Structure formats: C-alpha cells, structure tokens
>>> print(open('data_1.txt').read())   # compact mmCIF, N, CA and C atoms and all ligand atoms
# COMPACT_ATOMS: atom_id res chain seq x y z
N MET A 22 0.84 -1.20 0.00
CA MET A 22 0.00 0.00 0.00
C MET A 22 0.88 1.26 0.00
N SER A 23 0.51 2.21 -0.83
CA SER A 23 1.22 3.50 -0.82
C SER A 23 1.02 4.19 0.53
N ARG A 24 2.05 4.85 1.00
CA ARG A 24 1.91 5.61 2.26
C ARG A 24 2.02 7.11 1.98
N ASN A 25 1.57 7.45 0.77
CA ASN A 25 1.63 8.85 0.35
C ASN A 25 0.22 9.44 0.36
N ILE A 26 0.08 10.62 0.93
CA ILE A 26 -1.22 11.30 1.01
C ILE A 26 -1.13 12.62 0.25
N PHE A 27 -2.10 12.86 -0.62
CA PHE A 27 -2.13 14.13 -1.35
C PHE A 27 -2.92 15.18 -0.55
N ILE A 28 -2.37 16.37 -0.45
CA ILE A 28 -3.10 17.50 0.14
C ILE A 28 -3.30 18.52 -0.99
N LEU A 29 -4.53 18.63 -1.43
CA LEU A 29 -4.84 19.47 -2.60
C LEU A 29 -5.65 20.69 -2.17
N ASN A 30 -5.25 21.83 -2.65
CA ASN A 30 -5.97 23.07 -2.35
C ASN A 30 -6.36 23.79 -3.63
N GLY A 31 -7.58 24.26 -3.67
CA GLY A 31 -8.13 24.88 -4.85
C GLY A 31 -7.95 26.39 -4.88
N PRO A 32 -8.80 27.05 -5.66
CA PRO A 32 -8.60 28.46 -6.00
C PRO A 32 -8.57 29.39 -4.78
N ASN A 33 -7.66 30.33 -4.87
CA ASN A 33 -7.49 31.42 -3.90
C ASN A 33 -6.80 30.99 -2.61
N LEU A 34 -6.57 29.70 -2.44
CA LEU A 34 -5.92 29.26 -1.20
C LEU A 34 -4.42 29.54 -1.20
N ASN A 35 -3.88 29.93 -2.38
CA ASN A 35 -2.50 30.43 -2.42
C ASN A 35 -2.40 31.77 -1.69
N LEU A 36 -3.53 32.41 -1.46
CA LEU A 36 -3.52 33.72 -0.78
C LEU A 36 -3.76 33.59 0.73
N LEU A 37 -3.72 32.36 1.22
CA LEU A 37 -3.93 32.15 2.65
C LEU A 37 -2.95 33.03 3.45
N GLY A 38 -3.45 33.69 4.49
CA GLY A 38 -2.60 34.59 5.27
C GLY A 38 -2.80 36.04 4.85
N GLN A 39 -3.19 36.23 3.58
CA GLN A 39 -3.44 37.61 3.09
C GLN A 39 -4.91 37.82 2.82
N ARG A 40 -5.60 36.74 2.47
CA ARG A 40 -6.98 36.82 2.02
C ARG A 40 -7.93 36.73 3.23
N GLN A 41 -8.77 37.70 3.43
CA GLN A 41 -9.77 37.70 4.50
C GLN A 41 -9.27 36.98 5.76
N PRO A 42 -8.22 37.50 6.41
CA PRO A 42 -7.65 36.80 7.56
C PRO A 42 -8.63 36.62 8.72
N ASP A 43 -9.68 37.48 8.76
CA ASP A 43 -10.71 37.32 9.79
C ASP A 43 -11.45 36.00 9.61
N ILE A 44 -11.50 35.50 8.39
CA ILE A 44 -12.18 34.23 8.11
C ILE A 44 -11.19 33.08 8.04
N TYR A 45 -10.07 33.31 7.36
CA TYR A 45 -9.16 32.19 7.04
C TYR A 45 -7.88 32.17 7.87
N GLY A 46 -7.68 33.20 8.73
CA GLY A 46 -6.51 33.19 9.60
C GLY A 46 -5.28 33.82 8.96
N ALA A 47 -4.21 33.85 9.75
CA ALA A 47 -3.00 34.58 9.36
C ALA A 47 -1.93 33.66 8.79
N GLU A 48 -2.10 32.37 8.93
CA GLU A 48 -1.08 31.44 8.45
C GLU A 48 -1.06 31.36 6.93
N THR A 49 0.09 31.12 6.37
CA THR A 49 0.18 30.92 4.93
C THR A 49 -0.02 29.44 4.61
N LEU A 50 -0.26 29.16 3.33
CA LEU A 50 -0.41 27.77 2.92
C LEU A 50 0.91 27.02 3.12
N ALA A 51 2.02 27.71 2.90
CA ALA A 51 3.33 27.07 3.12
C ALA A 51 3.47 26.65 4.58
N ASP A 52 2.99 27.48 5.53
CA ASP A 52 3.04 27.11 6.96
C ASP A 52 2.25 25.82 7.19
N VAL A 53 1.05 25.77 6.62
CA VAL A 53 0.16 24.61 6.82
C VAL A 53 0.81 23.36 6.23
N GLU A 54 1.37 23.52 5.03
CA GLU A 54 1.98 22.36 4.36
C GLU A 54 3.20 21.85 5.14
N THR A 55 3.97 22.77 5.68
CA THR A 55 5.15 22.37 6.47
C THR A 55 4.71 21.57 7.69
N ARG A 56 3.66 22.04 8.37
CA ARG A 56 3.16 21.33 9.56
C ARG A 56 2.64 19.95 9.18
N CYS A 57 1.90 19.87 8.07
CA CYS A 57 1.33 18.58 7.65
C CYS A 57 2.43 17.61 7.26
N ARG A 58 3.46 18.12 6.60
CA ARG A 58 4.57 17.25 6.18
C ARG A 58 5.24 16.66 7.42
N ALA A 59 5.48 17.50 8.43
CA ALA A 59 6.14 17.04 9.66
C ALA A 59 5.26 16.02 10.38
N LEU A 60 3.97 16.30 10.45
CA LEU A 60 3.05 15.37 11.13
C LEU A 60 3.03 14.03 10.40
N ALA A 61 2.91 14.08 9.08
CA ALA A 61 2.84 12.84 8.30
C ALA A 61 4.11 12.01 8.53
N GLU A 62 5.25 12.69 8.50
CA GLU A 62 6.51 11.95 8.67
C GLU A 62 6.58 11.31 10.04
N SER A 63 6.09 12.02 11.07
CA SER A 63 6.11 11.45 12.42
C SER A 63 5.19 10.24 12.52
N LEU A 64 4.25 10.12 11.62
CA LEU A 64 3.30 8.99 11.63
C LEU A 64 3.68 7.92 10.60
N GLY A 65 4.83 8.11 9.95
CA GLY A 65 5.30 7.10 8.99
C GLY A 65 4.70 7.24 7.60
N PHE A 66 4.20 8.43 7.28
CA PHE A 66 3.61 8.68 5.95
C PHE A 66 4.34 9.83 5.28
N THR A 67 4.07 10.03 3.99
CA THR A 67 4.57 11.21 3.30
C THR A 67 3.37 11.97 2.74
N VAL A 68 3.56 13.25 2.48
CA VAL A 68 2.49 14.01 1.83
C VAL A 68 3.04 14.70 0.59
N GLU A 69 2.17 14.82 -0.39
CA GLU A 69 2.47 15.65 -1.56
C GLU A 69 1.43 16.76 -1.57
N CYS A 70 1.89 18.00 -1.63
CA CYS A 70 0.98 19.15 -1.57
C CYS A 70 0.91 19.84 -2.92
N LEU A 71 -0.29 20.21 -3.31
CA LEU A 71 -0.47 20.93 -4.57
C LEU A 71 -1.61 21.94 -4.39
N GLN A 72 -1.38 23.15 -4.85
CA GLN A 72 -2.45 24.16 -4.89
C GLN A 72 -2.60 24.61 -6.33
N SER A 73 -3.84 24.75 -6.78
CA SER A 73 -4.06 25.31 -8.11
C SER A 73 -5.34 26.13 -8.14
N ASN A 74 -5.30 27.16 -8.97
CA ASN A 74 -6.50 27.97 -9.20
C ASN A 74 -7.31 27.44 -10.37
N HIS A 75 -6.84 26.31 -10.94
CA HIS A 75 -7.45 25.78 -12.17
C HIS A 75 -8.08 24.41 -11.92
N GLU A 76 -9.33 24.31 -12.25
CA GLU A 76 -10.09 23.07 -12.01
C GLU A 76 -9.41 21.85 -12.65
N GLY A 77 -8.96 22.00 -13.92
CA GLY A 77 -8.37 20.88 -14.64
C GLY A 77 -7.09 20.37 -13.98
N VAL A 78 -6.32 21.28 -13.41
CA VAL A 78 -5.07 20.87 -12.74
C VAL A 78 -5.41 20.02 -11.51
N LEU A 79 -6.45 20.41 -10.79
CA LEU A 79 -6.88 19.63 -9.62
C LEU A 79 -7.39 18.26 -10.06
N ILE A 80 -8.13 18.23 -11.16
CA ILE A 80 -8.65 16.96 -11.67
C ILE A 80 -7.49 16.05 -12.09
N ASP A 81 -6.50 16.62 -12.77
CA ASP A 81 -5.32 15.81 -13.16
C ASP A 81 -4.63 15.25 -11.91
N ALA A 82 -4.54 16.04 -10.87
CA ALA A 82 -3.90 15.56 -9.63
C ALA A 82 -4.71 14.42 -9.01
N ILE A 83 -6.03 14.53 -9.05
CA ILE A 83 -6.89 13.46 -8.51
C ILE A 83 -6.70 12.18 -9.34
N HIS A 84 -6.57 12.34 -10.65
CA HIS A 84 -6.31 11.16 -11.50
C HIS A 84 -4.97 10.52 -11.12
N ARG A 85 -3.96 11.34 -10.89
CA ARG A 85 -2.64 10.84 -10.53
C ARG A 85 -2.68 10.11 -9.18
N ALA A 86 -3.55 10.61 -8.31
CA ALA A 86 -3.70 9.99 -6.98
C ALA A 86 -4.15 8.54 -7.09
N ARG A 87 -4.84 8.19 -8.17
CA ARG A 87 -5.30 6.80 -8.35
C ARG A 87 -4.14 5.83 -8.21
N LEU A 88 -2.95 6.24 -8.67
CA LEU A 88 -1.77 5.36 -8.59
C LEU A 88 -0.80 5.77 -7.49
N GLU A 89 -0.90 7.01 -7.03
CA GLU A 89 0.20 7.54 -6.21
C GLU A 89 -0.18 7.89 -4.78
N ALA A 90 -1.47 7.81 -4.42
CA ALA A 90 -1.84 8.24 -3.07
C ALA A 90 -2.90 7.32 -2.45
N CYS A 91 -2.72 7.06 -1.16
CA CYS A 91 -3.70 6.23 -0.45
C CYS A 91 -4.84 7.07 0.12
N ALA A 92 -4.67 8.38 0.14
CA ALA A 92 -5.74 9.27 0.62
C ALA A 92 -5.55 10.65 0.00
N ILE A 93 -6.66 11.36 -0.11
CA ILE A 93 -6.63 12.75 -0.59
C ILE A 93 -7.31 13.62 0.46
N ILE A 94 -6.62 14.67 0.86
CA ILE A 94 -7.25 15.71 1.68
C ILE A 94 -7.41 16.90 0.74
N LEU A 95 -8.64 17.32 0.55
CA LEU A 95 -8.93 18.29 -0.50
C LEU A 95 -9.73 19.46 0.05
N ASN A 96 -9.17 20.65 -0.12
CA ASN A 96 -9.96 21.87 0.08
C ASN A 96 -10.20 22.44 -1.31
N PRO A 97 -11.38 22.17 -1.87
CA PRO A 97 -11.63 22.60 -3.26
C PRO A 97 -11.94 24.08 -3.39
N GLY A 98 -11.91 24.85 -2.29
CA GLY A 98 -12.29 26.26 -2.37
C GLY A 98 -13.69 26.37 -2.94
N ALA A 99 -13.91 27.37 -3.77
CA ALA A 99 -15.25 27.60 -4.32
C ALA A 99 -15.70 26.49 -5.27
N PHE A 100 -14.76 25.68 -5.78
CA PHE A 100 -15.16 24.54 -6.63
C PHE A 100 -16.00 23.53 -5.85
N THR A 101 -15.90 23.55 -4.54
CA THR A 101 -16.75 22.72 -3.68
C THR A 101 -18.21 22.82 -4.10
N HIS A 102 -18.61 24.07 -4.35
CA HIS A 102 -20.03 24.38 -4.52
C HIS A 102 -20.47 24.34 -5.98
N THR A 103 -19.51 24.09 -6.89
CA THR A 103 -19.85 24.19 -8.32
C THR A 103 -19.43 22.99 -9.17
N SER A 104 -18.44 22.23 -8.70
CA SER A 104 -17.76 21.34 -9.65
C SER A 104 -18.22 19.88 -9.63
N ILE A 105 -19.05 19.55 -10.60
CA ILE A 105 -19.41 18.15 -10.82
C ILE A 105 -18.20 17.41 -11.38
N ALA A 106 -17.34 18.11 -12.12
CA ALA A 106 -16.16 17.47 -12.71
C ALA A 106 -15.19 16.97 -11.63
N ILE A 107 -15.04 17.75 -10.57
CA ILE A 107 -14.17 17.29 -9.46
C ILE A 107 -14.83 16.10 -8.75
N LEU A 108 -16.13 16.16 -8.56
CA LEU A 108 -16.84 15.00 -7.98
C LEU A 108 -16.64 13.75 -8.84
N ASP A 109 -16.77 13.89 -10.15
CA ASP A 109 -16.59 12.74 -11.05
C ASP A 109 -15.18 12.17 -10.92
N ALA A 110 -14.19 13.04 -10.85
CA ALA A 110 -12.80 12.58 -10.71
C ALA A 110 -12.64 11.82 -9.39
N LEU A 111 -13.22 12.36 -8.32
CA LEU A 111 -13.12 11.69 -7.01
C LEU A 111 -13.84 10.34 -7.03
N ASN A 112 -14.92 10.27 -7.78
CA ASN A 112 -15.65 9.00 -7.88
C ASN A 112 -14.85 7.93 -8.63
N ALA A 113 -13.83 8.36 -9.37
CA ALA A 113 -12.97 7.40 -10.07
C ALA A 113 -11.74 7.05 -9.23
N TYR A 114 -11.70 7.53 -8.01
CA TYR A 114 -10.57 7.30 -7.10
C TYR A 114 -11.02 6.36 -6.00
N ASP A 115 -10.18 5.36 -5.68
CA ASP A 115 -10.60 4.33 -4.72
C ASP A 115 -10.18 4.59 -3.27
N GLY A 116 -9.24 5.51 -3.06
CA GLY A 116 -8.73 5.71 -1.70
C GLY A 116 -9.65 6.60 -0.86
N LEU A 117 -9.13 6.96 0.32
CA LEU A 117 -9.90 7.82 1.23
C LEU A 117 -9.92 9.26 0.74
N VAL A 118 -11.04 9.92 0.94
CA VAL A 118 -11.17 11.34 0.57
C VAL A 118 -11.69 12.13 1.76
N PHE A 119 -10.95 13.15 2.15
CA PHE A 119 -11.44 14.07 3.19
C PHE A 119 -11.57 15.47 2.61
N GLU A 120 -12.73 16.04 2.83
CA GLU A 120 -13.01 17.40 2.36
C GLU A 120 -12.72 18.34 3.53
N CYS A 121 -11.88 19.32 3.31
CA CYS A 121 -11.42 20.16 4.42
C CYS A 121 -11.68 21.63 4.11
N HIS A 122 -12.50 22.26 4.93
CA HIS A 122 -12.72 23.70 4.82
C HIS A 122 -12.21 24.39 6.07
N ILE A 123 -11.51 25.47 5.87
CA ILE A 123 -10.95 26.22 6.99
C ILE A 123 -12.09 26.88 7.78
N SER A 124 -13.01 27.48 7.06
CA SER A 124 -14.13 28.17 7.70
C SER A 124 -15.31 27.22 7.88
N ASN A 125 -16.23 27.62 8.74
CA ASN A 125 -17.47 26.86 8.89
C ASN A 125 -18.44 27.32 7.80
N VAL A 126 -18.41 26.59 6.69
CA VAL A 126 -19.20 27.00 5.52
C VAL A 126 -20.70 27.07 5.84
N HIS A 127 -21.12 26.32 6.84
CA HIS A 127 -22.56 26.28 7.17
C HIS A 127 -23.04 27.52 7.91
N ARG A 128 -22.10 28.30 8.41
CA ARG A 128 -22.46 29.55 9.08
C ARG A 128 -22.36 30.75 8.14
N ARG A 129 -22.03 30.45 6.88
CA ARG A 129 -21.81 31.53 5.91
C ARG A 129 -22.97 31.60 4.90
N GLU A 130 -22.72 32.21 3.76
CA GLU A 130 -23.78 32.39 2.75
C GLU A 130 -24.38 31.03 2.36
N THR A 131 -25.66 31.06 1.99
CA THR A 131 -26.33 29.78 1.68
C THR A 131 -25.69 29.06 0.49
N PHE A 132 -25.10 29.82 -0.46
CA PHE A 132 -24.48 29.12 -1.60
C PHE A 132 -23.30 28.26 -1.18
N ARG A 133 -22.77 28.48 0.03
CA ARG A 133 -21.66 27.66 0.52
C ARG A 133 -22.16 26.42 1.27
N HIS A 134 -23.46 26.28 1.43
CA HIS A 134 -23.98 25.16 2.23
C HIS A 134 -24.02 23.85 1.45
N HIS A 135 -24.03 23.98 0.13
CA HIS A 135 -24.05 22.75 -0.67
C HIS A 135 -22.66 22.40 -1.19
N SER A 136 -22.32 21.13 -1.07
CA SER A 136 -21.02 20.66 -1.58
C SER A 136 -21.21 19.44 -2.47
N TYR A 137 -20.72 19.52 -3.71
CA TYR A 137 -20.70 18.33 -4.56
C TYR A 137 -19.72 17.29 -4.02
N VAL A 138 -18.61 17.78 -3.50
CA VAL A 138 -17.54 16.90 -3.03
C VAL A 138 -18.00 16.03 -1.85
N SER A 139 -18.89 16.55 -1.04
CA SER A 139 -19.39 15.78 0.12
C SER A 139 -20.08 14.49 -0.29
N LEU A 140 -20.57 14.43 -1.53
CA LEU A 140 -21.22 13.20 -2.00
C LEU A 140 -20.23 12.04 -2.07
N ARG A 141 -18.94 12.36 -2.12
CA ARG A 141 -17.90 11.32 -2.22
C ARG A 141 -17.04 11.25 -0.95
N ALA A 142 -17.01 12.31 -0.18
CA ALA A 142 -16.04 12.39 0.93
C ALA A 142 -16.31 11.35 2.01
N ASP A 143 -15.23 10.77 2.53
CA ASP A 143 -15.36 9.87 3.68
C ASP A 143 -15.51 10.68 4.97
N GLY A 144 -15.08 11.91 4.96
CA GLY A 144 -15.24 12.79 6.11
C GLY A 144 -15.18 14.23 5.64
N VAL A 145 -15.84 15.10 6.40
CA VAL A 145 -15.88 16.53 6.04
C VAL A 145 -15.49 17.35 7.27
N MET A 146 -14.56 18.27 7.07
CA MET A 146 -14.07 19.13 8.14
C MET A 146 -14.44 20.56 7.79
N ALA A 147 -15.02 21.29 8.74
CA ALA A 147 -15.35 22.70 8.46
C ALA A 147 -15.31 23.49 9.75
N GLY A 148 -14.58 24.59 9.73
CA GLY A 148 -14.61 25.50 10.87
C GLY A 148 -13.54 25.24 11.91
N PHE A 149 -12.57 24.38 11.60
CA PHE A 149 -11.49 24.10 12.55
C PHE A 149 -10.23 24.88 12.19
N GLY A 150 -10.40 25.91 11.35
CA GLY A 150 -9.25 26.70 10.92
C GLY A 150 -8.27 25.81 10.16
N THR A 151 -7.03 26.24 10.11
CA THR A 151 -6.03 25.46 9.37
C THR A 151 -5.66 24.16 10.10
N GLU A 152 -6.01 24.06 11.39
CA GLU A 152 -5.78 22.79 12.11
C GLU A 152 -6.56 21.65 11.50
N GLY A 153 -7.61 21.99 10.76
CA GLY A 153 -8.45 20.97 10.14
C GLY A 153 -7.65 20.03 9.23
N TYR A 154 -6.64 20.57 8.57
CA TYR A 154 -5.83 19.73 7.68
C TYR A 154 -5.12 18.63 8.48
N GLU A 155 -4.58 19.01 9.62
CA GLU A 155 -3.88 18.01 10.44
C GLU A 155 -4.86 16.99 11.02
N LEU A 156 -6.05 17.47 11.37
CA LEU A 156 -7.06 16.54 11.90
C LEU A 156 -7.47 15.54 10.82
N CYS A 157 -7.61 16.01 9.59
CA CYS A 157 -7.92 15.09 8.47
C CYS A 157 -6.78 14.08 8.29
N LEU A 158 -5.58 14.58 8.38
CA LEU A 158 -4.39 13.72 8.21
C LEU A 158 -4.38 12.63 9.29
N ARG A 159 -4.64 13.02 10.53
CA ARG A 159 -4.65 12.03 11.63
C ARG A 159 -5.74 10.99 11.40
N ARG A 160 -6.89 11.43 10.94
CA ARG A 160 -7.99 10.49 10.69
C ARG A 160 -7.64 9.54 9.55
N ALA A 161 -7.04 10.07 8.48
CA ALA A 161 -6.66 9.22 7.34
C ALA A 161 -5.67 8.16 7.81
N VAL A 162 -4.65 8.59 8.57
CA VAL A 162 -3.63 7.64 9.03
C VAL A 162 -4.27 6.61 9.96
N SER A 163 -5.15 7.06 10.82
CA SER A 163 -5.82 6.13 11.74
C SER A 163 -6.60 5.07 10.96
N LEU A 164 -7.32 5.46 9.94
CA LEU A 164 -8.08 4.48 9.15
C LEU A 164 -7.15 3.58 8.35
N LEU A 165 -6.05 4.14 7.85
CA LEU A 165 -5.14 3.37 6.99
C LEU A 165 -4.28 2.39 7.77
N THR A 166 -4.13 2.64 9.05
CA THR A 166 -3.25 1.76 9.83
C THR A 166 -4.07 0.78 10.69
N LYS A 167 -5.39 0.88 10.62
CA LYS A 167 -6.25 -0.10 11.31
C LYS A 167 -6.18 -1.42 10.55
N ALA A 168 -6.15 -2.50 11.28
CA ALA A 168 -6.00 -3.82 10.63
C ALA A 168 -7.12 -4.08 9.63
C1 LIG B 201 -13.32 27.32 1.80
C2 LIG B 201 -14.80 27.71 1.80
C3 LIG B 201 -15.28 28.00 0.40
O1 LIG B 201 -16.65 28.35 0.41
C4 LIG B 201 -14.50 29.16 -0.20
O2 LIG B 201 -14.91 29.40 -1.52
C5 LIG B 201 -13.04 28.96 -0.11
C6 LIG B 201 -12.46 28.38 1.11
C7 LIG B 201 -12.77 27.15 3.23
O3 LIG B 201 -11.65 26.63 3.34
O4 LIG B 201 -13.39 27.54 4.21
O5 LIG B 201 -12.30 29.36 -0.99
O6 LIG B 201 -13.18 26.08 1.13
>>> encode(input="data_1.txt", output="structure tokens", more="lines below")
Ligand code: DQA
Amino acid sequence: MSRNIFILNGPNLNLLGQRQPDIYGAETLADVETRCRALAESLGFTVECLQSNHEGVLIDAIHRARLEACAIILNPGAFTHTSIAILDALNAYDGLVFECHISNVHRRETFRHHSYVSLRADGVMAGFGTEGYELCLRRAVSLLTKA
C-alpha cells in the first residue's frame, strides 16, 4: 500500500494569510503544508501538496492519486459548490477522501452550504481553521493503519 497522502488546495488558497484573515486566519499555505509534512513523517507517511487555481489541474492531480496516493485531503475552495467534474474525478478514485474547509461554511452564505464533493467524501471538516488539515491527516492515518 502507498503511504503517500495528497493534500490538494483549490482556488485562492494560495492567498492564505493575506486573504480575508478574519475568516481564514494569518497562516500561509506554506506554513500549513510544512506542519502537515512534519506530522505525516512522524506517523510514517509522506504528503504531496499541490495548490491550483485551475479546475483541470486539480482533476489531473486526482487522476494521478489513483496510482500515487492512499488518501486525498482536498480543500476545493469555491469549486466545492460548483464542480461536478471534481466530484466525477473523485468517484474514479478508490482511496480515502477528506473534504477540508478552513471556515465553517454552514455559518456563511447559503451558496456555501451545498457541496458536490461531500457526496464522495469519507469525512468533512469545516470551521477548525487550518488545524483541520492536520485533523484530516490524523484520521486518514488512523483508518489506513487499522487492521
Ligand atoms: C473554503 C470555503 C469555500 O466556500 C470558499 O470558496 C473557499 C475556502 C474554506 O476553506 O473555508 O475558498 O473552502
């Protein structure tokens, strides 16, 4: 079994730390990725991190995960609420999928309450700030290391 986990971030998450810090916090995506990499290594796993503002690039990464990753932690950004194509790609993936939102999307505008990705996700995280990524990682490792 692969011990590699993909952490994928969608549009505008490259601006983490600068973009609406009242909602998304002051940490940068590089900070989050560094913490996740260290946590994964301490648990005997590796992570590959990718951020893109382009739907097709995220879809290509999900396709690559079919051979290269035992789990995907995905913050699709606004594609969460719009992308059937990302859902279709995830439906062609056999490993674990965790949907991770920094903010509590359910306390925000109604258009953020619906997620296409949730139809495939094994777990959904929302409102735990950037710590949510590490919580998803711990859950993935816990499920993957259970007999
Ligand atoms: C987000 C929530 C989405 O609604 C929004 O479009 C984002 C970030 C979050 O992490 O809270 O870009 O996925």
>>> residues_around(input="data_1.txt", residues="Val78 in chain A", least_positions_apart="6", cutoff="12 Å", atoms="only C-alpha atoms", output="ChimeraX atom specification")
/A:29-32,71-72,84-85,97,106-107,110
>>> closest_atom_pairs(input="data_1.txt", of="chain A", to="ligand LIG 201 (chain B)", cutoff="6.5 Å", atoms="all atoms listed in the file", output="CSV")
residue,atom,partner,partner_atom,distance
A:Pro32,C,B:LIG201,O5,5.3
A:Asn33,C,B:LIG201,O5,6.0
A:Leu34,N,B:LIG201,O5,5.9
A:Asn96,C,B:LIG201,O6,5.3
A:Pro97,C,B:LIG201,O6,5.1
A:Gly98,CA,B:LIG201,O5,3.4
A:Ala99,N,B:LIG201,O2,3.2
A:Phe100,N,B:LIG201,O2,5.7
A:Cys121,C,B:LIG201,O3,5.1
A:His122,CA,B:LIG201,O3,3.5
A:Ile123,N,B:LIG201,O3,2.8
A:Ser124,N,B:LIG201,O4,2.9
A:Asn125,N,B:LIG201,O4,5.3
A:Val126,N,B:LIG201,O4,5.7
A:Arg133,CA,B:LIG201,O1,5.1
A:Gly148,N,B:LIG201,O4,6.4
>>> closest_residue(input="data_1.txt", among="A:His127, A:Asn74, A:Arg58, A:Gly65", to="Leu36 in chain A", atoms="only C-alpha atoms")
A:Asn74
>>> atom_distance(input="data_1.txt", atom1="CA of Ser139 in chain A", atom2="CA of Arg40 in chain A")
24.5 Å
>>> closest_residue(input="data_1.txt", among="A:Ser104, A:Asn35, A:Thr67, A:Asn112", to="Ala142 in chain A", atoms="only C-alpha atoms")
A:Asn112
>>> select_by_dssp(input="data_1.txt", residues="chain A", states="helix (DSSP H, G or I)", output="MDAnalysis selection string")
chainID A and resid 34:36 42:45 50:63 76:89 98:102 105:112 126:128 131:133 138:140 152:166
>>> residues_around(input="data_1.txt", residues="Leu111 in chain A", least_positions_apart="5", cutoff="8 Å", atoms="only N, CA and C atoms", output="mmCIF file with N, CA and C atoms, keeping the file's coordinate frame")
data_model
loop_
_atom_site.group_PDB
_atom_site.id
_atom_site.type_symbol
_atom_site.label_atom_id
_atom_site.label_comp_id
_atom_site.auth_asym_id
_atom_site.auth_seq_id
_atom_site.Cartn_x
_atom_site.Cartn_y
_atom_site.Cartn_z
ATOM 1 N N ILE A 80 -8.130 18.230 -11.160
ATOM 2 C CA ILE A 80 -8.650 16.960 -11.670
ATOM 3 C C ILE A 80 -7.490 16.050 -12.090
ATOM 4 N N ILE A 83 -6.030 14.530 -9.050
ATOM 5 C CA ILE A 83 -6.890 13.460 -8.510
ATOM 6 C C ILE A 83 -6.700 12.180 -9.340
ATOM 7 N N HIS A 84 -6.570 12.340 -10.650
ATOM 8 C CA HIS A 84 -6.310 11.160 -11.500
ATOM 9 C C HIS A 84 -4.970 10.520 -11.120
ATOM 10 N N ILE A 105 -19.050 19.550 -10.600
ATOM 11 C CA ILE A 105 -19.410 18.150 -10.820
ATOM 12 C C ILE A 105 -18.200 17.410 -11.380
ATOM 13 N N ALA A 106 -17.340 18.110 -12.120
ATOM 14 C CA ALA A 106 -16.160 17.470 -12.710
ATOM 15 C C ALA A 106 -15.190 16.970 -11.630
ATOM 16 N N GLY A 116 -9.240 5.510 -3.060
ATOM 17 C CA GLY A 116 -8.730 5.710 -1.700
ATOM 18 C C GLY A 116 -9.650 6.600 -0.860
ATOM 19 N N VAL A 118 -11.040 9.920 0.940
ATOM 20 C CA VAL A 118 -11.170 11.340 0.570
ATOM 21 C C VAL A 118 -11.690 12.130 1.760
ATOM 22 N N VAL A 138 -18.610 17.780 -3.500
ATOM 23 C CA VAL A 138 -17.540 16.900 -3.030
ATOM 24 C C VAL A 138 -18.000 16.030 -1.850
ATOM 25 N N ARG A 141 -18.940 12.360 -2.120
ATOM 26 C CA ARG A 141 -17.900 11.320 -2.220
ATOM 27 C C ARG A 141 -17.040 11.250 -0.950
ATOM 28 N N ALA A 142 -17.010 12.310 -0.180
ATOM 29 C CA ALA A 142 -16.040 12.390 0.930
ATOM 30 C C ALA A 142 -16.310 11.350 2.010
#
>>> closest_residue(input="data_1.txt", among="A:Arg159, A:Arg128, A:Arg87, A:His102", to="Leu140 in chain A", atoms="only C-alpha atoms")
A:His102
>>> closest_residue(input="data_1.txt", among="A:Cys91, A:Met146, A:Asp81, A:His134", to="Asn25 in chain A", atoms="only N, CA and C atoms")
A:Cys91
>>> select_by_dssp(input="data_1.txt", residues="chain A", states="strand (DSSP E)", output="PyMOL selection string")
chain A and resi 25-30+67-72+92-96+117-122+144-147
>>> atom_distance(input="data_1.txt", atom1="atom N of Ala92 in chain A", atom2="atom N of Ile26 in chain A")
5.3 Å
>>> atom_distance(input="data_1.txt", atom1="CA of Leu108 in chain A", atom2="atom N of Asp43 in chain A")
28.9 Å
>>> closest_residue(input="data_1.txt", among="A:Glu69, A:Arg24, A:Tyr137, A:Ala51", to="Leu37 in chain A", atoms="all atoms listed in the file")
A:Ala51
>>> closest_residue(input="data_1.txt", among="A:Gln39, A:Val53, A:Phe149, A:Ser23", to="Phe66 in chain A", atoms="all atoms listed in the file")
A:Ser23
>>> axis_aligned_box(input="data_1.txt", around="range 77-82 of chain A", padding_each_side="8 Å", output="lines of an AutoDock Vina configuration file")
center_x = -6.4
center_y = 18.2
center_z = -11.8
size_x = 21.1
size_y = 23.6
size_z = 21.6
>>> residues_around(input="data_1.txt", residues="Cys57 in chain A", least_positions_apart="5", cutoff="10 Å", atoms="only C-alpha atoms", output="PyMOL selection string")
chain A and resi 28+51-52+62-63+67-70+152+154-159
